Structure formats: C-alpha cells, structure tokens
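As provided, coords_11.cif (mmCIF, C-alpha atoms and all ligand atoms) reads as follows.
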data_entry
#
loop_
_atom_site.label_atom_id
_atom_site.label_comp_id
_atom_site.auth_asym_id
_atom_site.auth_seq_id
_atom_site.Cartn_x
_atom_site.Cartn_y
_atom_site.Cartn_z
CA MET A 206 -154.27 119.48 -212.72
CA GLY A 207 -154.75 118.86 -216.38
CA SER A 208 -156.42 115.89 -217.91
CA GLY A 209 -153.87 113.12 -217.97
CA LEU A 210 -154.80 111.13 -221.04
CA ASP A 211 -155.37 114.19 -223.24
CA PHE A 212 -151.90 115.43 -222.41
CA PHE A 213 -150.16 112.10 -222.95
CA LYS A 214 -152.00 111.41 -226.22
CA SER A 215 -150.18 114.30 -227.84
CA ASN A 216 -146.98 114.07 -225.80
CA PRO A 217 -145.40 110.64 -226.21
CA PRO A 218 -142.13 110.15 -224.29
CA GLY A 219 -138.78 111.01 -225.83
CA CYS A 220 -137.74 107.36 -226.22
CA LEU A 221 -140.02 107.33 -229.30
CA ASP A 222 -138.51 110.46 -230.88
CA GLU A 223 -136.98 108.53 -233.76
CA PHE A 224 -140.41 107.23 -234.81
CA ASP A 225 -143.59 108.78 -236.03
CA LYS A 226 -146.42 107.87 -233.68
CA VAL A 227 -150.10 107.31 -234.16
CA TYR A 228 -152.22 107.35 -231.02
CA VAL A 229 -154.38 104.23 -230.75
CA ASP A 230 -157.60 104.27 -228.72
CA ASP A 231 -157.64 100.61 -227.87
CA LEU A 232 -155.68 97.45 -228.39
CA ASP A 233 -157.16 94.04 -227.86
CA VAL A 234 -154.77 92.98 -225.13
CA GLU A 235 -154.89 92.87 -221.37
CA PHE A 236 -152.35 95.19 -219.77
CA ASP A 237 -150.36 94.19 -216.77
CA GLY A 238 -149.52 97.14 -214.53
CA HIS A 239 -150.39 98.96 -211.33
CA GLY A 240 -154.03 99.27 -212.38
CA GLU A 241 -153.79 102.95 -213.33
CA ASP A 242 -156.40 104.34 -215.72
CA THR A 243 -154.03 106.30 -217.94
CA ASN A 244 -152.43 103.95 -220.49
CA PRO A 245 -151.81 105.74 -223.79
CA ILE A 246 -150.93 103.46 -226.71
CA PHE A 247 -148.98 104.51 -229.78
CA LYS A 248 -148.50 102.66 -233.02
CA LEU A 249 -144.96 103.10 -234.36
CA VAL A 250 -144.46 104.36 -237.87
CA CYS A 251 -141.03 104.66 -239.47
CA LYS A 252 -139.98 108.13 -240.63
CA CYS A 253 -140.03 106.61 -244.14
CA GLY A 254 -143.75 105.94 -243.76
CA ASN A 255 -143.56 102.16 -243.39
CA GLU A 256 -145.51 100.52 -240.57
CA THR A 257 -143.88 97.12 -240.15
CA PHE A 258 -140.74 96.28 -238.22
CA ASN A 259 -138.52 93.52 -236.93
CA ALA A 260 -138.33 93.80 -233.15
CA TYR A 261 -135.13 93.19 -231.18
CA GLY A 262 -134.57 92.48 -227.51
CA TYR A 263 -132.70 90.12 -225.21
CA ASP A 264 -133.42 86.75 -223.67
CA TRP A 265 -132.97 86.73 -219.91
CA VAL A 266 -133.40 83.66 -217.75
CA ASN A 267 -134.55 84.13 -214.17
CA PRO A 268 -132.05 82.06 -212.16
CA ASP A 269 -134.66 81.25 -209.51
CA THR A 270 -137.45 80.00 -211.72
CA ASN A 271 -135.60 79.17 -214.95
CA GLU A 272 -138.27 81.15 -216.76
CA THR A 273 -137.11 83.07 -219.84
CA PHE A 274 -138.09 86.70 -220.35
CA TYR A 275 -137.62 88.93 -223.37
CA VAL A 276 -136.15 92.16 -221.99
CA SER A 277 -134.85 95.58 -222.99
CA PRO A 278 -133.00 97.35 -224.55
CA LEU A 279 -135.66 96.98 -227.23
CA SER A 280 -135.30 98.27 -230.75
CA ALA A 281 -137.14 98.15 -234.05
CA LYS A 282 -135.81 97.80 -237.57
CA CYS A 283 -137.97 99.05 -240.41
CA THR A 284 -138.72 96.28 -242.90
CA LYS A 285 -138.59 98.77 -245.77
CA CYS A 286 -135.71 101.22 -245.23
CA SER A 287 -133.84 99.04 -242.67
CA CYS A 288 -133.18 101.87 -240.23
CA ARG A 289 -133.04 100.59 -236.69
CA ASN A 290 -133.92 102.67 -233.63
CA GLN A 291 -134.18 102.01 -229.95
CA ILE A 292 -137.65 101.92 -228.39
CA PHE A 293 -137.00 101.43 -224.69
CA ASP A 294 -134.20 100.75 -222.24
CA ILE A 295 -135.05 100.15 -218.57
CA LYS A 296 -131.74 101.77 -217.65
CA ILE A 297 -132.61 105.16 -219.15
CA ASN A 298 -136.37 105.33 -219.70
CA GLY A 299 -139.34 105.51 -217.35
CA TYR A 300 -140.05 106.83 -213.89
CA ASP A 301 -137.26 105.33 -211.79
CA ALA A 302 -134.50 105.83 -214.35
CA VAL A 303 -135.47 109.41 -215.17
CA LEU A 304 -135.71 110.41 -211.50
CA GLY A 305 -132.33 108.81 -210.79
CA HIS A 306 -133.61 105.90 -208.72
CA GLY A 307 -131.86 103.31 -210.84
CA TYR A 308 -133.55 100.30 -212.38
CA PHE A 309 -134.86 97.15 -210.84
CA SER A 310 -135.59 94.81 -213.71
CA ALA A 311 -133.46 92.53 -215.80
CA ARG A 312 -131.65 94.18 -218.70
CA GLY A 313 -130.05 92.40 -221.62
CA GLU A 314 -126.44 92.55 -222.71
CA GLY A 315 -124.51 91.02 -225.55
CA ASP A 316 -126.26 89.94 -228.72
CA SER A 317 -129.85 90.94 -229.24
CA ARG A 318 -132.29 88.48 -230.75
CA GLY A 319 -134.99 89.17 -233.31
CA PHE A 320 -138.44 88.51 -231.85
CA GLU A 321 -140.39 85.68 -233.46
CA CYS A 322 -144.15 85.39 -233.40
CA PRO A 323 -145.15 82.91 -230.67
CA SER A 324 -148.40 82.29 -232.48
CA CYS A 325 -147.10 81.21 -235.88
CA ASN A 326 -143.55 80.47 -234.76
CA ASP A 327 -141.13 82.04 -237.17
CA ALA A 328 -142.67 85.23 -238.52
CA THR A 329 -140.59 88.30 -237.61
CA LYS A 330 -142.53 91.15 -239.19
CA PHE A 331 -144.87 93.15 -236.95
CA GLU A 332 -146.83 96.32 -236.56
CA LEU A 333 -145.61 97.61 -233.21
CA PHE A 334 -147.66 99.15 -230.40
CA VAL A 335 -146.12 100.78 -227.36
CA ARG A 336 -148.13 101.39 -224.22
CA PHE A 337 -147.18 103.59 -221.27
CA GLU A 338 -148.86 103.65 -217.88
CA TYR A 339 -149.01 106.89 -215.88
CA THR A 340 -150.21 107.61 -212.37
CA ASP A 341 -152.82 110.27 -211.67
CA ASP A 342 -150.63 112.30 -209.30
CA ILE A 343 -148.17 113.18 -212.06
CA PHE A 344 -149.68 116.66 -212.38
CA ASP A 345 -149.92 117.16 -208.64
CA GLU A 346 -148.41 120.53 -207.79
CA ASP A 347 -146.81 119.07 -204.68
CA PHE A 348 -144.33 117.14 -206.82
CA THR A 349 -142.27 119.88 -208.46
CA GLU A 350 -139.62 117.40 -209.58
CA PHE A 351 -142.17 116.11 -212.11
CA THR A 352 -142.75 119.48 -213.74
CA GLY A 353 -141.82 119.61 -217.40
CA ARG A 354 -140.97 115.94 -217.70
CA GLU A 355 -144.35 114.38 -217.03
CA LYS A 356 -144.31 112.46 -220.32
CA GLU A 357 -141.06 110.70 -219.35
CA LEU A 358 -142.39 109.49 -215.98
CA PHE A 359 -144.34 106.43 -217.04
CA THR A 360 -144.64 103.68 -214.45
CA TRP A 361 -145.11 100.70 -216.75
CA PHE A 362 -144.03 100.00 -220.29
CA SER A 363 -145.17 97.33 -222.69
CA LEU A 364 -144.48 96.51 -226.31
CA HIS A 365 -147.00 94.58 -228.37
CA GLY A 366 -146.94 93.45 -231.98
CA ARG A 367 -149.47 92.51 -234.60
CA CYS A 368 -147.91 89.74 -236.64
CA ALA A 369 -147.94 90.58 -240.34
CA SER A 370 -148.27 86.89 -241.12
CA CYS A 371 -150.94 85.47 -238.78
CA LYS A 372 -152.38 88.86 -237.62
CA THR A 373 -152.29 87.80 -233.97
CA ILE A 374 -151.57 90.57 -231.44
CA VAL A 375 -148.78 89.31 -229.23
CA ASP A 376 -147.03 90.61 -226.12
CA ILE A 377 -143.36 91.19 -226.86
CA SER A 378 -141.92 92.72 -223.70
CA GLU A 379 -142.87 94.72 -220.64
CA ASP A 380 -141.26 96.36 -217.65
CA GLU A 381 -142.35 97.87 -214.38
CA CYS A 382 -140.69 101.29 -214.31
CA ALA A 383 -141.65 102.50 -210.82
ZN ZN B 401 -138.33 102.91 -242.78
ZN ZN B 402 -147.73 85.16 -236.32
#
The structure in this file should be written as structure tokens.
Amino acid sequence: MGSGLDFFKSNPPGCLDEFDKVYVDDLDVEFDGHGEDTNPIFKLVCKCGNETFNAYGYDWVNPDTNETFYVSPLSAKCTKCSCRNQIFDIKINGYDAVLGHGYFSARGEGDSRGFECPSCNDATKFELFVRFEYTDDIFDEDFTEFTGREKELFTWFSLHGRCASCKTIVDISEDECA
C-alpha cells in the first residue's frame, strides 16, 4: 500500500533529525545495494543554513583481506557554525538495528578521522548526500511490526560527498542494514 518513494521523499529517517534535508532526484553515482528501486537521496543542510561539512568516520581494516573501510558512526561538522551531529550508526540505525536483530557490519571505536577527498587528496569540505534503500514490502499489511516506523527500516545506507575543492562526487561510506 502507498507509493514508496513519495512517502520516503517527505519522511526522511530520524537519524537526520538534527539536519535540514533537501530531497535530491538524482546523484551521479552508482549505488551498491540489494537492487531495490526505492532509493531516496537527501542533501544535508545545517540548521544554520550552511551546506558544507567536514565528514567524520572510522578506519576499519578487514583482518582477512587487509582492505581498509571507512565505517560508522558517521557525523558531520558544519564548516560555518561548527556544530557537529551524527548522521548514521550501524548499531542504532537501519532495518536490523531498529527491529532488534543486531548489526552485522564493522563499526568504529576510538578516535574518528576526518574524511579527505580521494580525488584531490587533502580537501575536507563537502556537500553531503545521504541515500537510503527501502524494500517494496515495507507497506505490506502482513508485516505489522513495520507499521509507523517505515522510514527507519532502510536496508542500505550510503553517504556521498561533493568535494568543495575539486567538485568530484565521492563515496564516503556505506553499510548493508538488512
Ligand atoms: Zn551550521
Ligand atoms: Zn576533491
């Protein structure tokens, strides 16, 4: 029931409550995910009106492959008023966490690290775009445990940035949430 994207466009999840959000129709990036059609994207705007941020997350090295990933908790600090707010934490946000299933991805601890543009190396100022994937059965009346918290039950999360310096759109972090 209900048209998924129309609902999610105007109902971003609570993890973005501390930000103003602007719905974005399209972003020139390829999304990883489960292949679902519903992938609303929001541009983050600080409550002060500013649209650029420093992004923070954690480096995590996969012990099997030695590959480094940039993982949550993710936060953003406004480059104008300096207020810093959390964007996403795999432990508390998304489908599995909200339904009490736990979390199954790496999560950072200790000191966070400011994200640096991989395209021009040291720039740290970005416009930030958050994308959430939702499955089509979220409004299915058979799943009463979803009712009233549909917007929190996203199955994939990704954070992208447009570098203020080189203008490249870069992938910052993503997590499978279900
Ligand atoms: Zn601000
Ligand atoms: Zn750059």
Just the residues within 12 Å of region 310-317 of chain A, please, counting all atoms listed in the file, with nothing from its chain fewer than 5 positions along; format it as a ChimeraX atom specification. /A:259-268,273-281,291,293-297,299,301-302,361-362,378-383
At a cut-off of 9 Å, can you tabulate as JSON lines every residue of chain A near ligand ZN 401 (chain B) together with its closest atom pair and the distance in Å to one decimal, using only C-alpha atoms and all ligand atoms and ordering rows by chain then number?
{"residue": "A:Val250", "atom": "CA", "partner": "B:ZN401", "partner_atom": "ZN", "distance": 8.0}
{"residue": "A:Cys251", "atom": "CA", "partner": "B:ZN401", "partner_atom": "ZN", "distance": 4.6}
{"residue": "A:Lys252", "atom": "CA", "partner": "B:ZN401", "partner_atom": "ZN", "distance": 5.9}
{"residue": "A:Cys253", "atom": "CA", "partner": "B:ZN401", "partner_atom": "ZN", "distance": 4.3}
{"residue": "A:Gly254", "atom": "CA", "partner": "B:ZN401", "partner_atom": "ZN", "distance": 6.3}
{"residue": "A:Asn255", "atom": "CA", "partner": "B:ZN401", "partner_atom": "ZN", "distance": 5.3}
{"residue": "A:Glu256", "atom": "CA", "partner": "B:ZN401", "partner_atom": "ZN", "distance": 7.9}
{"residue": "A:Thr257", "atom": "CA", "partner": "B:ZN401", "partner_atom": "ZN", "distance": 8.4}
{"residue": "A:Phe258", "atom": "CA", "partner": "B:ZN401", "partner_atom": "ZN", "distance": 8.4}
{"residue": "A:Lys282", "atom": "CA", "partner": "B:ZN401", "partner_atom": "ZN", "distance": 7.7}
{"residue": "A:Cys283", "atom": "CA", "partner": "B:ZN401", "partner_atom": "ZN", "distance": 4.5}
{"residue": "A:Thr284", "atom": "CA", "partner": "B:ZN401", "partner_atom": "ZN", "distance": 6.6}
{"residue": "A:Lys285", "atom": "CA", "partner": "B:ZN401", "partner_atom": "ZN", "distance": 5.1}
{"residue": "A:Cys286", "atom": "CA", "partner": "B:ZN401", "partner_atom": "ZN", "distance": 4.0}
{"residue": "A:Ser287", "atom": "CA", "partner": "B:ZN401", "partner_atom": "ZN", "distance": 5.9}
{"residue": "A:Cys288", "atom": "CA", "partner": "B:ZN401", "partner_atom": "ZN", "distance": 5.8}
{"residue": "A:Arg289", "atom": "CA", "partner": "B:ZN401", "partner_atom": "ZN", "distance": 8.4}
Find the residue from A:Phe351, A:Phe212, A:Tyr228, A:Tyr339 that sits nearest to Gly240 (chain A); use only C-alpha atoms when measuring.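 The shortest atom-to-atom distance to Gly240 (chain A) comes from A:Tyr339.
Here CA of Ser370 (chain A) is placed at a distance of 7.4 Å from CA of Lys330 (chain A).
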As a check of understanding: the span from CA of Phe236 (chain A) to CA of Glu346 (chain A) is 28.3 Å
Among the residues A:Phe348, A:Val335, A:Ala328, A:Phe247, the one that comes closest to Cys368 (chain A) [using all atoms listed in the file]: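 For Cys368 (chain A), the nearest of the given residues is A:Ala328.
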Pick out the residues no farther than 8 Å from ligand ZN 402 (chain B), counting all atoms listed in the file, and list them as JSON, numbers by chain. {"A": [321, 322, 323, 324, 325, 326, 327, 328, 329, 367, 368, 369, 370, 371, 372, 373]}
So that I can see what lies close to Phe344 (chain A), please list as a ChimeraX atom specification the residues with an atom at most 12 Å from it, counting all atoms listed in the file and leaving out residues fewer than 3 positions away in the same chain. /A:206-210,212-213,339-341,347-356,358
Show me, as an NGL selection string, the residues that have an atom within 6 Å of Leu333 (chain A) when counting only C-alpha atoms, minus same-chain residues fewer than 3 positions from it. :A and (248-249 or 365-366)
Of the residues A:Arg318, A:Thr243, A:Glu332, A:Val303, which is the one nearest to Val227 (chain A), using all atoms listed in the file?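 With all atoms listed in the file as the atom set, the closest residue is A:Glu332.
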CA of Glu338 (chain A) to CA of Val234 (chain A): how many Å, to one decimal? 14.2 Å
Between A:Glu357, A:Asp231, A:Glu241, A:Asp376, which is the closest to Pro218 (chain A) once you count all atoms listed in the file?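 Selected residue with least distance to Pro218 (chain A): A:Glu357.
Here the question is which of A:Thr360, A:Gly319, A:Asn271, A:Asp242 gets nearest to Tyr300 (chain A) using only C-alpha atoms, and that residue is A:Thr360.
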So for region 313-318 of chain A, what box centre and size do we get, axis-aligned, 5 Å extra on each of the six sides, every listed atom, Å to one decimal, as lines of an AutoDock Vina configuration file?
center_x = -128.4
center_y = 90.5
center_z = -226.2
size_x = 17.8
size_y = 14.1
size_z = 19.1
N, CA and C atoms are what I want for region 310-324 of chain A; can you complete it accordingly and write them as an mmCIF file, keeping the file's coordinate frame?
data_model
loop_
_atom_site.group_PDB
_atom_site.id
_atom_site.type_symbol
_atom_site.label_atom_id
_atom_site.label_comp_id
_atom_site.auth_asym_id
_atom_site.auth_seq_id
_atom_site.Cartn_x
_atom_site.Cartn_y
_atom_site.Cartn_z
ATOM 1 N N SER A 310 -135.162 95.940 -212.893
ATOM 2 C CA SER A 310 -135.590 94.810 -213.710
ATOM 3 C C SER A 310 -134.391 94.299 -214.490
ATOM 4 N N ALA A 311 -134.525 93.099 -214.995
ATOM 5 C CA ALA A 311 -133.460 92.530 -215.800
ATOM 6 C C ALA A 311 -133.246 93.366 -217.060
ATOM 7 N N ARG A 312 -131.996 93.443 -217.483
ATOM 8 C CA ARG A 312 -131.650 94.180 -218.700
ATOM 9 C C ARG A 312 -130.667 93.346 -219.490
ATOM 10 N N GLY A 313 -130.871 93.267 -220.791
ATOM 11 C CA GLY A 313 -130.050 92.400 -221.620
ATOM 12 C C GLY A 313 -128.714 93.005 -221.986
ATOM 13 N N GLU A 314 -127.747 92.134 -222.215
ATOM 14 C CA GLU A 314 -126.440 92.550 -222.710
ATOM 15 C C GLU A 314 -125.983 91.533 -223.732
ATOM 16 N N GLY A 315 -125.026 91.943 -224.549
ATOM 17 C CA GLY A 315 -124.510 91.020 -225.550
ATOM 18 C C GLY A 315 -125.294 91.109 -226.839
ATOM 19 N N ASP A 316 -125.586 89.956 -227.424
ATOM 20 C CA ASP A 316 -126.260 89.940 -228.720
ATOM 21 C C ASP A 316 -127.778 89.984 -228.555
ATOM 22 N N SER A 317 -128.396 90.909 -229.259
ATOM 23 C CA SER A 317 -129.850 90.940 -229.240
ATOM 24 C C SER A 317 -130.388 89.831 -230.142
ATOM 25 N N ARG A 318 -131.660 89.531 -229.948
ATOM 26 C CA ARG A 318 -132.290 88.480 -230.750
ATOM 27 C C ARG A 318 -133.558 89.030 -231.373
ATOM 28 N N GLY A 319 -133.762 88.756 -232.637
ATOM 29 C CA GLY A 319 -134.990 89.170 -233.310
ATOM 30 C C GLY A 319 -136.179 88.409 -232.743
ATOM 31 N N PHE A 320 -137.246 89.136 -232.430
ATOM 32 C CA PHE A 320 -138.440 88.510 -231.850
ATOM 33 C C PHE A 320 -139.191 87.724 -232.922
ATOM 34 N N GLU A 321 -139.625 86.528 -232.539
ATOM 35 C CA GLU A 321 -140.390 85.680 -233.460
ATOM 36 C C GLU A 321 -141.797 85.490 -232.929
ATOM 37 N N CYS A 322 -142.754 85.496 -233.811
ATOM 38 C CA CYS A 322 -144.150 85.390 -233.400
ATOM 39 C C CYS A 322 -144.396 84.071 -232.666
ATOM 40 N N PRO A 323 -144.889 84.144 -231.422
ATOM 41 C CA PRO A 323 -145.150 82.910 -230.670
ATOM 42 C C PRO A 323 -146.400 82.195 -231.174
ATOM 43 N N SER A 324 -147.157 82.874 -232.005
ATOM 44 C CA SER A 324 -148.400 82.290 -232.480
ATOM 45 C C SER A 324 -148.205 81.474 -233.754
#
